[in-house]
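As provided, upload_20.txt (compact mmCIF, C-alpha atoms) reads as follows.
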# COMPACT_ATOMS: atom_id res chain seq x y z
CA MET S 26 0.00 0.00 0.00
CA LYS S 27 1.03 3.64 -0.55
CA ILE S 28 1.34 6.01 2.37
CA ALA S 29 2.10 9.74 2.63
CA VAL S 30 4.06 11.62 5.32
CA PRO S 31 4.79 15.38 5.61
CA VAL S 32 8.59 15.68 5.89
CA ASP S 33 11.18 18.40 6.39
CA GLU S 34 13.73 17.18 3.85
CA LYS S 35 13.93 14.91 0.83
CA ASN S 36 15.69 11.92 2.39
CA MET S 37 14.80 8.92 4.53
CA GLU S 38 16.85 10.22 7.50
CA THR S 39 14.68 13.33 7.75
CA THR S 40 12.08 14.28 10.34
CA VAL S 41 8.30 14.39 10.17
CA CYS S 42 7.14 17.98 9.63
CA PRO S 43 4.93 19.24 12.48
CA SER S 44 2.62 20.98 9.98
CA PHE S 45 0.64 19.10 7.35
CA GLY S 46 -0.57 21.90 5.08
CA ARG S 47 2.65 23.89 5.19
CA SER S 48 5.09 20.98 5.15
CA PRO S 49 7.79 21.64 2.51
CA PHE S 50 7.70 18.07 1.12
CA PHE S 51 5.69 14.89 1.23
CA LEU S 52 7.09 11.39 1.18
CA ILE S 53 5.04 8.97 -0.89
CA TYR S 54 6.12 5.53 0.26
CA ASP S 55 5.17 2.12 -1.06
CA THR S 56 5.20 -0.31 1.87
CA GLU S 57 5.58 -3.37 -0.37
CA SER S 58 8.24 -2.26 -2.86
CA LYS S 59 9.87 0.13 -0.31
CA ASN S 60 9.92 2.65 -3.11
CA ALA S 61 10.21 6.23 -1.77
CA THR S 62 9.30 9.34 -3.75
CA PHE S 63 9.62 12.85 -2.35
CA ILE S 64 7.32 15.49 -3.80
CA ASP S 65 7.19 19.26 -3.27
CA ASN S 66 4.18 20.59 -1.42
CA ASN S 67 2.99 23.35 -3.74
CA ALA S 68 0.59 24.52 -1.01
CA ALA S 69 3.35 25.35 1.48
CA ALA S 70 3.42 29.05 0.64
CA SER S 71 -0.32 29.54 0.09
CA GLN S 72 -1.90 32.67 1.47
CA GLY S 73 -4.69 30.54 2.86
CA GLY S 74 -6.32 27.16 2.43
CA SER S 75 -2.98 25.35 2.36
CA GLY S 76 -4.49 22.31 4.09
CA ILE S 77 -7.07 21.88 1.32
CA LYS S 78 -4.49 22.17 -1.45
CA ALA S 79 -1.99 19.89 0.29
CA ALA S 80 -4.74 17.33 0.87
CA GLN S 81 -5.59 17.48 -2.83
CA THR S 82 -1.97 16.53 -3.59
CA ILE S 83 -2.16 13.59 -1.19
CA VAL S 84 -5.44 12.41 -2.74
CA ASP S 85 -4.05 12.75 -6.27
CA ASN S 86 -1.14 10.49 -5.32
CA GLN S 87 -3.65 7.75 -4.53
CA VAL S 88 -2.30 6.84 -1.14
CA SER S 89 -4.24 4.70 1.32
CA ALA S 90 -2.95 6.27 4.52
CA LEU S 91 -1.57 9.59 5.74
CA LEU S 92 0.84 9.67 8.69
CA THR S 93 0.90 13.11 10.30
CA PRO S 94 1.29 14.62 13.79
CA ARG S 95 -1.80 16.79 13.28
CA CYS S 96 -4.38 17.69 10.67
CA GLY S 97 -6.77 20.62 10.30
CA GLU S 98 -10.48 20.18 9.70
CA ASN S 99 -10.54 21.34 6.06
CA ALA S 100 -7.66 19.06 5.11
CA ALA S 101 -9.26 16.18 7.03
CA GLN S 102 -12.52 16.68 5.14
CA VAL S 103 -10.69 16.30 1.81
CA ILE S 104 -8.62 13.33 2.98
CA GLN S 105 -11.62 11.54 4.45
CA ALA S 106 -13.76 12.20 1.35
CA ALA S 107 -11.16 10.14 -0.51
CA ASN S 108 -11.35 7.34 2.11
CA ILE S 109 -7.74 7.85 3.15
CA LYS S 110 -7.05 6.91 6.76
CA ILE S 111 -5.14 9.37 8.94
CA TYR S 112 -2.67 8.03 11.53
CA LYS S 113 -0.97 10.03 14.26
CA THR S 114 2.82 10.02 14.22
CA ALA S 115 4.83 9.74 17.45
CA GLY S 116 8.15 11.52 17.83
CA ASN S 117 9.77 13.17 14.83
CA SER S 118 11.83 10.38 13.21
CA LEU S 119 10.48 9.48 9.78
CA GLN S 120 11.93 5.95 9.76
CA GLU S 121 10.68 5.11 13.25
CA ASN S 122 7.18 6.23 12.31
CA ILE S 123 7.16 4.16 9.13
CA ASP S 124 8.33 1.14 11.14
CA ALA S 125 5.68 1.75 13.81
CA PHE S 126 3.00 2.04 11.12
CA MET S 127 4.12 -1.25 9.53
CA GLU S 128 3.86 -2.92 12.92
CA GLY S 129 0.37 -1.51 13.37
CA LYS S 130 1.47 0.63 16.31
CA LEU S 131 0.35 4.08 15.11
CA PRO S 132 -3.08 5.15 16.39
CA VAL S 133 -5.74 6.66 14.15
CA LEU S 134 -5.66 10.47 14.42
CA ASN S 135 -8.87 11.48 16.14
CA GLU S 136 -8.26 15.04 17.22
CA ILE S 137 -8.86 17.16 14.13
CA HIS S 138 -8.02 20.77 15.01
CA PRO S 139 -10.05 23.72 13.69
CA GLY S 140 -7.06 25.10 11.79
CA PHE S 141 -4.71 28.01 12.31
CA HIS S 142 -6.51 30.38 10.01
CA GLY S 143 -4.85 33.77 9.95
CA GLY S 144 -6.96 36.76 10.68
CA ARG S 145 -6.52 39.91 12.55
CA LYS S 146 -7.53 38.44 15.87
CA MET R 30 -17.47 66.28 6.03
CA LYS R 31 -16.50 62.65 6.52
CA ILE R 32 -14.29 61.92 9.50
CA ALA R 33 -12.75 58.56 10.41
CA VAL R 34 -11.70 57.80 13.97
CA LEU R 35 -8.99 55.18 14.23
CA SER R 36 -6.33 53.72 16.49
CA GLY R 37 -3.70 51.02 16.38
CA LYS R 38 -5.39 48.85 18.97
CA GLY R 39 -8.71 48.34 20.67
CA GLY R 40 -9.73 50.09 23.87
CA THR R 41 -7.97 53.34 23.07
CA GLY R 42 -11.12 55.43 22.78
CA LYS R 43 -12.32 55.34 19.16
CA THR R 44 -15.91 54.77 20.14
CA LEU R 45 -15.73 57.32 22.97
CA VAL R 46 -14.45 59.97 20.55
CA SER R 47 -16.68 59.18 17.58
CA VAL R 48 -19.87 58.77 19.61
CA ASN R 49 -19.30 62.01 21.50
CA LEU R 50 -18.35 63.97 18.38
CA ALA R 51 -21.52 62.78 16.68
CA ALA R 52 -23.54 63.76 19.75
CA ALA R 53 -21.86 67.17 19.97
CA ALA R 54 -22.52 68.04 16.31
CA LYS R 55 -25.82 69.67 15.32
CA ALA R 56 -26.73 66.98 12.86
CA SER R 57 -24.59 63.98 12.14
CA THR R 58 -24.33 60.39 11.05
CA TYR R 59 -22.44 57.84 13.11
CA ILE R 60 -21.30 54.74 11.21
CA ASP R 61 -19.90 51.83 13.21
CA CYS R 62 -17.44 50.07 10.90
CA ASP R 63 -16.01 47.96 13.73
CA VAL R 64 -18.23 45.19 12.42
CA GLU R 65 -16.66 42.41 14.49
CA GLU R 66 -17.64 44.09 17.72
CA PRO R 67 -19.81 47.14 17.05
CA ASN R 68 -20.57 48.96 20.29
CA GLY R 69 -21.55 52.54 19.42
CA HIS R 70 -25.21 51.52 19.45
CA LEU R 71 -24.90 50.66 23.15
CA PHE R 72 -24.39 54.37 23.82
CA PHE R 73 -26.89 55.76 21.31
CA LYS R 74 -29.64 53.19 21.93
CA PRO R 75 -31.08 54.09 18.53
CA GLU R 76 -34.79 53.89 17.80
CA LYS R 77 -36.84 53.15 14.67
CA LEU R 78 -34.43 50.36 13.79
CA VAL R 79 -34.41 48.98 10.27
CA ASN R 80 -32.28 45.92 9.52
CA GLU R 81 -30.83 44.91 6.18
CA THR R 82 -29.04 41.64 5.49
CA VAL R 83 -25.64 41.73 3.83
CA ALA R 84 -24.76 38.75 1.66
CA VAL R 85 -21.79 37.70 -0.43
CA LYS R 86 -21.73 35.37 -3.43
CA ILE R 87 -20.24 31.92 -3.10
CA PRO R 88 -20.01 29.15 -5.69
CA GLU R 89 -22.38 26.23 -5.90
CA VAL R 90 -21.45 23.24 -8.02
CA ASP R 91 -23.61 21.07 -10.23
CA ASN R 92 -21.63 17.83 -10.11
CA LEU R 93 -23.56 16.46 -13.10
CA LEU R 94 -22.12 19.20 -15.30
CA CYS R 95 -18.62 19.16 -13.76
CA ASN R 96 -16.16 17.14 -15.86
CA GLY R 97 -13.29 17.39 -13.37
CA CYS R 98 -11.06 19.65 -15.48
CA ARG R 99 -9.93 21.44 -12.30
CA LYS R 100 -9.57 24.83 -13.97
CA CYS R 101 -11.44 26.35 -11.01
CA ILE R 102 -9.07 24.74 -8.51
CA GLU R 103 -6.03 26.07 -10.34
CA PHE R 104 -7.61 29.50 -10.47
CA CYS R 105 -8.59 29.78 -6.80
CA LYS R 106 -5.92 31.74 -4.90
CA PHE R 107 -7.50 30.82 -1.60
CA ASN R 108 -7.66 27.04 -2.21
CA ALA R 109 -11.38 26.96 -1.48
CA LEU R 110 -12.00 24.07 -3.90
CA ALA R 111 -10.92 20.43 -4.04
CA TYR R 112 -11.77 17.62 -6.43
CA ILE R 113 -12.13 14.18 -4.85
CA GLY R 114 -13.35 11.10 -6.68
CA ASP R 115 -15.80 12.73 -9.06
CA THR R 116 -17.02 15.44 -6.71
CA LEU R 117 -16.00 19.09 -6.46
CA LEU R 118 -15.88 20.21 -2.83
CA VAL R 119 -16.47 23.89 -2.00
CA PHE R 120 -15.11 25.24 1.29
CA GLU R 121 -17.46 28.15 1.94
CA GLU R 122 -15.48 29.60 4.86
CA VAL R 123 -12.31 29.74 2.80
CA CYS R 124 -13.97 31.36 -0.25
CA HIS R 125 -13.36 35.11 -0.68
CA SER R 126 -16.28 35.61 -3.09
CA CYS R 127 -14.20 36.73 -6.07
CA GLY R 128 -16.49 34.89 -8.51
CA GLY R 129 -13.53 33.73 -10.62
CA CYS R 130 -14.32 30.00 -10.48
CA ALA R 131 -17.81 30.48 -11.91
CA LEU R 132 -16.41 32.72 -14.67
CA ILE R 133 -13.66 30.33 -15.65
CA CYS R 134 -15.66 27.06 -15.62
CA PRO R 135 -15.92 25.85 -19.25
CA GLU R 136 -18.82 23.53 -18.42
CA LYS R 137 -20.85 26.19 -16.56
CA ALA R 138 -21.00 23.75 -13.67
CA LEU R 139 -20.47 26.52 -11.11
CA ARG R 140 -22.95 29.21 -10.36
CA GLU R 141 -23.10 31.72 -7.55
CA LYS R 142 -25.51 31.71 -4.66
CA GLU R 143 -25.95 34.26 -1.89
CA LYS R 144 -24.68 33.65 1.61
CA ALA R 145 -25.61 36.04 4.43
CA ILE R 146 -22.58 37.22 6.41
CA GLY R 147 -24.15 39.91 8.58
CA GLU R 148 -26.41 42.91 8.62
CA ILE R 149 -26.68 46.66 8.70
CA GLN R 150 -28.88 48.28 11.31
CA ARG R 151 -30.12 51.83 10.83
CA GLY R 152 -31.74 53.91 13.54
CA VAL R 153 -31.98 57.37 15.07
CA SER R 154 -30.81 58.76 18.40
CA GLY R 155 -31.78 62.42 18.80
CA ASN R 156 -29.60 64.45 16.42
CA VAL R 157 -27.66 61.41 15.23
CA LYS R 158 -28.39 58.89 12.50
CA VAL R 159 -26.87 55.68 13.82
CA ILE R 160 -25.74 53.05 11.31
CA THR R 161 -24.21 49.85 12.61
CA GLY R 162 -22.47 47.09 10.66
CA ILE R 163 -22.66 43.64 12.21
CA LEU R 164 -20.60 40.68 10.98
CA ASN R 165 -21.84 37.21 11.89
CA THR R 166 -19.52 35.28 14.19
CA GLY R 167 -17.08 33.06 12.32
CA GLU R 168 -17.17 34.93 8.99
CA ALA R 169 -13.81 35.56 7.36
CA SER R 170 -14.10 39.20 6.36
CA GLY R 171 -16.17 42.22 7.32
CA ILE R 172 -15.13 44.16 4.24
CA PRO R 173 -18.37 43.51 2.27
CA ILE R 174 -20.32 45.03 5.16
CA ILE R 175 -18.05 48.07 5.36
CA LYS R 176 -18.33 48.56 1.57
CA LYS R 177 -22.10 48.56 1.88
CA LEU R 178 -22.05 50.91 4.89
CA LEU R 179 -19.92 53.42 3.00
CA ASP R 180 -21.73 53.07 -0.32
CA ASP R 181 -24.83 54.19 1.52
CA MET R 182 -22.90 57.16 2.86
CA HIS R 183 -22.05 58.27 -0.68
CA GLU R 184 -25.59 57.85 -1.90
CA GLY R 185 -26.84 59.81 1.08
CA ASN R 186 -24.29 62.50 0.49
CA SER R 187 -25.02 63.17 -3.16
CA LYS R 188 -28.55 64.14 -2.18
CA GLU R 189 -27.23 65.83 0.91
CA ASP R 190 -24.74 67.87 -1.10
CA LYS R 191 -27.50 69.55 -3.03
CA LYS R 192 -29.30 70.41 0.17
CA LYS R 193 -26.08 71.57 1.74
CA ASN R 194 -25.76 74.59 -0.53
CA ASN R 195 -29.23 75.73 0.42
CA GLU R 196 -29.00 75.14 4.11
CA SER R 197 -25.30 75.97 4.37
CA GLY R 198 -25.32 73.54 7.26
CA LYS R 199 -22.47 71.18 7.88
CA GLU R 200 -23.43 67.54 7.92
CA PHE R 201 -20.82 65.48 9.68
CA VAL R 202 -20.30 61.77 9.14
CA PHE R 203 -18.25 59.97 11.78
CA ILE R 204 -16.78 56.59 11.01
CA ASP R 205 -15.87 54.47 14.02
CA CYS R 206 -13.13 52.25 12.54
CA PRO R 207 -12.04 48.76 13.50
CA PRO R 208 -8.77 48.71 15.48
CA GLY R 209 -5.42 48.28 13.79
CA SER R 210 -4.21 49.18 10.32
CA ALA R 211 -5.25 46.18 8.20
CA CYS R 212 -7.41 45.99 5.03
CA ILE R 213 -10.60 46.45 7.00
CA VAL R 214 -9.34 49.83 8.29
CA MET R 215 -8.12 50.89 4.84
CA GLU R 216 -11.58 50.19 3.49
CA SER R 217 -13.07 52.33 6.27
CA ILE R 218 -10.87 55.39 5.69
CA LYS R 219 -10.34 55.43 1.93
CA ASP R 220 -13.03 57.99 1.12
CA VAL R 221 -12.91 60.19 4.22
CA ASP R 222 -11.86 63.84 4.37
CA TYR R 223 -10.08 63.64 7.69
CA CYS R 224 -8.66 61.10 10.13
CA ILE R 225 -8.63 61.39 13.90
CA LEU R 226 -5.96 59.22 15.52
CA VAL R 227 -6.76 58.31 19.11
CA ALA R 228 -3.72 57.54 21.28
CA GLU R 229 -2.96 56.39 24.80
CA PRO R 230 -0.18 58.02 26.87
CA THR R 231 2.13 54.97 26.94
CA LEU R 232 5.02 53.60 24.89
CA PHE R 233 2.70 50.88 23.65
CA GLY R 234 0.25 53.62 22.71
CA VAL R 235 3.00 55.34 20.72
CA HIS R 236 3.72 52.16 18.79
CA ASN R 237 0.04 51.83 17.87
CA LEU R 238 -0.19 55.51 17.01
CA SER R 239 2.77 55.24 14.66
CA MET R 240 1.10 52.33 12.83
CA VAL R 241 -2.08 54.25 12.05
CA HIS R 242 -0.13 57.45 11.37
CA GLU R 243 1.88 55.62 8.73
CA LEU R 244 -1.35 54.31 7.22
CA VAL R 245 -3.06 57.71 6.93
CA LYS R 246 0.13 59.19 5.46
CA LEU R 247 0.08 56.44 2.84
CA PHE R 248 -3.50 57.41 1.99
CA GLY R 249 -2.58 61.10 1.96
CA LYS R 250 -5.29 62.00 4.46
CA PRO R 251 -5.11 65.06 6.68
CA CYS R 252 -5.06 63.94 10.29
CA GLY R 253 -4.81 65.03 13.88
CA ALA R 254 -4.47 63.26 17.20
CA VAL R 255 -6.68 63.00 20.25
CA LEU R 256 -4.66 62.12 23.33
CA ASN R 257 -6.89 60.06 25.56
CA LYS R 258 -6.48 59.06 29.21
CA CYS R 259 -4.06 61.93 29.86
CA LEU R 260 -2.34 62.10 33.25
CA ASP R 261 0.06 64.63 34.76
CA GLY R 262 3.65 64.12 33.75
CA GLU R 263 5.26 63.06 30.53
CA ASN R 264 3.05 61.75 27.72
CA PRO R 265 5.04 59.70 25.18
CA ALA R 266 2.19 60.01 22.67
CA GLU R 267 2.33 63.80 22.92
CA LYS R 268 6.08 63.68 22.37
CA TYR R 269 5.60 61.48 19.30
CA CYS R 270 3.05 63.91 17.87
CA ARG R 271 5.39 66.88 18.36
CA GLU R 272 8.32 65.04 16.79
CA ASN R 273 6.25 63.91 13.81
CA GLY R 274 4.30 67.09 13.19
CA ILE R 275 0.91 65.63 14.10
CA ASN R 276 -1.58 68.27 15.14
CA ILE R 277 -2.87 67.56 18.65
CA LEU R 278 -6.58 68.29 18.48
CA CYS R 279 -7.46 67.74 22.11
CA GLN R 280 -6.50 65.96 25.29
CA ILE R 281 -9.05 63.95 27.22
CA PRO R 282 -8.16 63.63 30.90
CA TYR R 283 -7.95 60.30 32.72
CA GLU R 284 -10.91 60.86 35.02
CA ASN R 285 -13.03 58.66 37.20
CA GLU R 286 -16.17 60.46 36.04
CA ILE R 287 -15.48 59.72 32.36
CA GLY R 288 -14.77 56.08 33.10
CA THR R 289 -17.91 55.71 35.17
CA MET R 290 -20.20 57.37 32.66
CA ASN R 291 -18.64 55.52 29.77
CA SER R 292 -18.97 52.13 31.44
CA ASN R 293 -22.63 52.91 32.10
CA ALA R 294 -23.04 53.52 28.35
CA LEU R 295 -23.76 57.22 28.84
CA ILE R 296 -22.73 59.76 26.24
CA LEU R 297 -20.51 62.33 27.97
CA ALA R 298 -21.48 65.18 25.64
CA ARG R 299 -25.15 64.64 26.39
CA GLU R 300 -24.76 64.38 30.17
CA ASN R 301 -22.38 67.12 31.13
CA ASP R 302 -21.73 70.67 29.83
CA ARG R 303 -18.01 70.50 30.47
CA TYR R 304 -17.63 67.41 28.28
CA GLN R 305 -19.96 68.82 25.68
CA ALA R 306 -17.67 71.86 25.46
CA LEU R 307 -14.66 69.55 25.17
CA PHE R 308 -16.11 67.66 22.19
CA ARG R 309 -17.50 70.82 20.54
CA GLY R 310 -13.97 72.20 20.76
CA LEU R 311 -12.62 69.03 19.17
CA LEU R 312 -15.22 69.25 16.43
CA ASP R 313 -14.19 72.84 15.65
CA ALA R 314 -10.53 71.83 15.55
CA VAL R 315 -11.34 68.98 13.14
CA ALA R 316 -13.49 71.19 10.91
CA LYS R 317 -10.60 73.64 10.65
CA GLY R 318 -7.96 70.94 10.23
CA GLY R 319 -9.88 69.27 7.45
CA ALA R 320 -10.77 72.42 5.57
CA PRO R 321 -9.27 72.40 2.09
Structure re-expressed in structure tokens:
Amino acid sequence: MKIAVPVDEKNMETTVCPSFGRSPFFLIYDTESKNATFIDNNAAASQGGSGIKAAQTIVDNQVSALLTPRCGENAAQVIQAANIKIYKTAGNSLQENIDAFMEGKLPVLNEIHPGFHGGRK
Amino acid sequence: MKIAVLSGKGGTGKTLVSVNLAAAAKASTYIDCDVEEPNGHLFFKPEKLVNETVAVKIPEVDNLLCNGCRKCIEFCKFNALAYIGDTLLVFEEVCHSCGGCALICPEKALREKEKAIGEIQRGVSGNVKVITGILNTGEASGIPIIKKLLDDMHEGNSKEDKKKNNESGKEFVFIDCPPGSACIVMESIKDVDYCILVAEPTLFGVHNLSMVHELVKLFGKPCGAVLNKCLDGENPAEKYCRENGINILCQIPYENEIGTMNSNALILARENDRYQALFRGLLDAVAKGGAP
């Protein structure tokens, strides 16, 4: 199966990015072939709605699961509309999180936050 | 004459100044553009209220017509659209109502529908026409409401202008701005004749004053400062005004009586001759300062 992870750099030794929508890159990883592809997140510098656009990228890459420390409600709505499961990462090591996911140790992400939408308040 | 009252932060005294100026003028209009938390009406308690809904346009998709070309998604600067499976999702809260997606859709699968974001309330309080903009909680932007508030002002004025020559009376319009110096404030001041900057006598107050001063300079508006909550001793805001050539229109003392009356939603200029004289004086200073 294919999974997606927001990451800080384009290598397997990198860390999981704490932000989903504004993560610089995504890892698209095939758990069977171990094939790793890093893609740019073209939503990272969006004025607004980055979660929606980033989620669109994840959906378009036809992954089955997203591993992320947190996810906003708009992004979650897009991800869930595509029947992609969201799992909560633990710690920031990419490799450890992939391993934990493979062993079925990552919990489903339940707390969907209302987003950090800029405004004047 | 259209006068905006603004400050770099909330709680400085915009409403105090604009409400009392409107009350001190012979005939005036008070427009509350602080649509996220309008409070001028609490002082005026206007009567004969008439409400009008303000709506914006947002897209509505006909998924039978949509062929998934995604031109709308590419177009949308605010990422308010996503295409999942064979369904176009519209995120209404993210949409900024530009209408571009409906224009660009080659299949005519998007059309616009109205969405209420707030209302305008018009009423009267003695000599003052009170107009209040109210943005519904959770809406992204109050700008459509401010546009509507100020469009009305122009319509009113064109008729008023004709009358003006006959009556030679001065009709004042006071605009109680939102705090800060963001888009919503720019929208509120762009067509005014004069800006009153309200400042507190602290270093923080000076920082906020400099923000709005920079803004009105950018807009090329004549302006003057009202120093609020003045105490004995050094006033950093006063110093800033002197150093930057800002005309100080008046100083409002830091007084128990003002605080008490204000927190009981009383209008100083209507309750007390001394305060009425203070705001009449301010009005005269503004009328002179804003004269071409």
>> Counting only C-alpha atoms, a student should be able to say which residues of chain R come within 10 Å of chain S; what is the right answer, written as a ChimeraX atom specification?
In response: /R:102-103,105-114,116,118,120,122-124,169-170,208-213
> Neighbours of Pro49 of chain S within 9 Å (only C-alpha atoms; same-chain residues fewer than 6 positions away dropped), as an NGL selection string?
Replying inline: :S and (31-34 or 42 or 64-70)
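With only C-alpha atoms as the atoms that count, the residue of R:Leu244, R:Val159, R:Leu311, R:Ala316 with the shortest distance to Pro75 of chain R is R:Val159.
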> When distances are computed from all atoms listed in the file, which of R:Val245, R:Asn92, R:Val34, R:Thr41 shows the smallest separation from Pro230 of chain R?
Replying inline: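 Nearest candidate to Pro230 of chain R out of R:Val245, R:Asn92, R:Val34, R:Thr41: R:Thr41.
Residues of protein, DNA or RNA having at least one counted atom within 8 Å of (-26.5, 53.8, 29.2), given all atoms listed in the file, are Leu71, Phe72, Lys74, Asn293, Ala294, Leu295 and Ile296 of chain R.
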> If you measure from atom CA of Ser48 of chain S to atom CA of Ile87 of chain R, what distance in Å do you get, rounded to one decimal?
Replying inline: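 Here the two named atoms are 28.8 Å from each other.
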> Please, what distance in Å, to one decimal, runs between atom CA of Ala54 of chain R and atom CA of Arg309 of chain R?
Replying inline: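 Going from atom CA of Ala54 of chain R over to atom CA of Arg309 of chain R, I get 7.1 Å.
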>> With only C-alpha atoms as the counted atoms, please give the residues lying no more than 10 Å from Lys176 of chain R, apart from itself and same-chain residues fewer than 6 positions off, as a ChimeraX atom specification.
In response: /R:62,182,213,216-217
>> With distances taken over all atoms listed in the file, which residue among R:Glu121, R:Ser239, R:Asp261, R:Ala51 lies nearest Met30 of chain R?
In response: R:Ala51
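The shell of residues at most 9 Å from Ser126 of chain R, with only C-alpha atoms counted and near chain neighbours (fewer than 2 positions) removed, consists of Val85, Lys86, Ile87, Pro88, Cys124, Gly128 and Gly129 of chain R.
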> Which residues come within 9 Å of Asn165 of chain R, counting all atoms listed in the file, excluding same-chain residues fewer than 4 positions away, as a PyMOL selection string?
Replying inline: chain R and resi 64-65+145-148+171
> If we count all atoms listed in the file, what is near Leu35 of chain R at a cut-off of 7 Å, once residues fewer than 2 positions away on the same chain are taken out, given as a ChimeraX atom specification?
Replying inline: /R:33,43,205-206,208,225-227
Residue subset to file, keeping C-alpha atoms, as a PDB file, in the coordinates of the input:
ATOM      1  CA  ALA R  33     -12.750  58.560  10.410  1.00  0.00           C
ATOM      2  CA  LYS R  43     -12.320  55.340  19.160  1.00  0.00           C
ATOM      3  CA  ASP R 205     -15.870  54.470  14.020  1.00  0.00           C
ATOM      4  CA  CYS R 206     -13.130  52.250  12.540  1.00  0.00           C
ATOM      5  CA  PRO R 208      -8.770  48.710  15.480  1.00  0.00           C
ATOM      6  CA  ILE R 225      -8.630  61.390  13.900  1.00  0.00           C
ATOM      7  CA  LEU R 226      -5.960  59.220  15.520  1.00  0.00           C
ATOM      8  CA  VAL R 227      -6.760  58.310  19.110  1.00  0.00           C
TER       9      VAL R 227
END
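Separating atom CA of Cys252 of chain R from atom CA of Leu164 of chain R is a distance of 28.0 Å.
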Just need the box for segment 159-174 of chain R, edges along x, y and z, holding every atom the file lists for it with 3 Å tacked onto each side, so centre and edge lengths in Å to one decimal, as AutoDock Vina command-line options.
--center_x -20.3 --center_y 44.4 --center_z 8.2 --size_x 19.1 --size_y 28.6 --size_z 17.9
>> Given the point (2.7, 0.0, 8.1) in the coordinates of this file, which residues lie within 12 Å, counting all atoms listed in the file, and how would they look as a count of residues only?
In response: 28
How would segment 169-183 of chain R read, as an mmCIF file, keeping the file's coordinate frame, once N, CA and C atoms are built in?
data_model
loop_
_atom_site.group_PDB
_atom_site.id
_atom_site.type_symbol
_atom_site.label_atom_id
_atom_site.label_comp_id
_atom_site.auth_asym_id
_atom_site.auth_seq_id
_atom_site.Cartn_x
_atom_site.Cartn_y
_atom_site.Cartn_z
ATOM 1 N N ALA R 169 -15.212 35.245 7.598
ATOM 2 C CA ALA R 169 -13.810 35.560 7.360
ATOM 3 C C ALA R 169 -13.542 37.055 7.270
ATOM 4 N N SER R 170 -14.426 37.802 6.627
ATOM 5 C CA SER R 170 -14.100 39.200 6.360
ATOM 6 C C SER R 170 -15.304 40.108 6.499
ATOM 7 N N GLY R 171 -15.098 41.240 7.159
ATOM 8 C CA GLY R 171 -16.170 42.220 7.320
ATOM 9 C C GLY R 171 -16.191 43.251 6.210
ATOM 10 N N ILE R 172 -15.257 43.133 5.268
ATOM 11 C CA ILE R 172 -15.130 44.160 4.240
ATOM 12 C C ILE R 172 -16.414 44.349 3.414
ATOM 13 N N PRO R 173 -17.126 43.273 3.023
ATOM 14 C CA PRO R 173 -18.370 43.510 2.270
ATOM 15 C C PRO R 173 -19.376 44.376 3.041
ATOM 16 N N ILE R 174 -19.388 44.232 4.353
ATOM 17 C CA ILE R 174 -20.320 45.030 5.160
ATOM 18 C C ILE R 174 -19.867 46.487 5.197
ATOM 19 N N ILE R 175 -18.573 46.697 5.336
ATOM 20 C CA ILE R 175 -18.050 48.070 5.360
ATOM 21 C C ILE R 175 -18.289 48.748 4.010
ATOM 22 N N LYS R 176 -18.070 48.009 2.913
ATOM 23 C CA LYS R 176 -18.330 48.560 1.570
ATOM 24 C C LYS R 176 -19.766 49.046 1.485
ATOM 25 N N LYS R 177 -20.679 48.213 1.957
ATOM 26 C CA LYS R 177 -22.100 48.560 1.880
ATOM 27 C C LYS R 177 -22.411 49.762 2.783
ATOM 28 N N LEU R 178 -21.836 49.783 3.968
ATOM 29 C CA LEU R 178 -22.050 50.910 4.890
ATOM 30 C C LEU R 178 -21.620 52.222 4.233
ATOM 31 N N LEU R 179 -20.477 52.191 3.545
ATOM 32 C CA LEU R 179 -19.920 53.420 3.000
ATOM 33 C C LEU R 179 -20.510 53.783 1.649
ATOM 34 N N ASP R 180 -20.985 52.776 0.911
ATOM 35 C CA ASP R 180 -21.730 53.070 -0.320
ATOM 36 C C ASP R 180 -22.958 53.897 0.020
ATOM 37 N N ASP R 181 -23.631 53.472 1.085
ATOM 38 C CA ASP R 181 -24.830 54.190 1.520
ATOM 39 C C ASP R 181 -24.501 55.629 1.856
ATOM 40 N N MET R 182 -23.330 55.814 2.478
ATOM 41 C CA MET R 182 -22.900 57.160 2.860
ATOM 42 C C MET R 182 -22.771 58.045 1.626
ATOM 43 N N HIS R 183 -22.217 57.474 0.542
ATOM 44 C CA HIS R 183 -22.050 58.270 -0.680
ATOM 45 C C HIS R 183 -23.392 58.605 -1.311
#
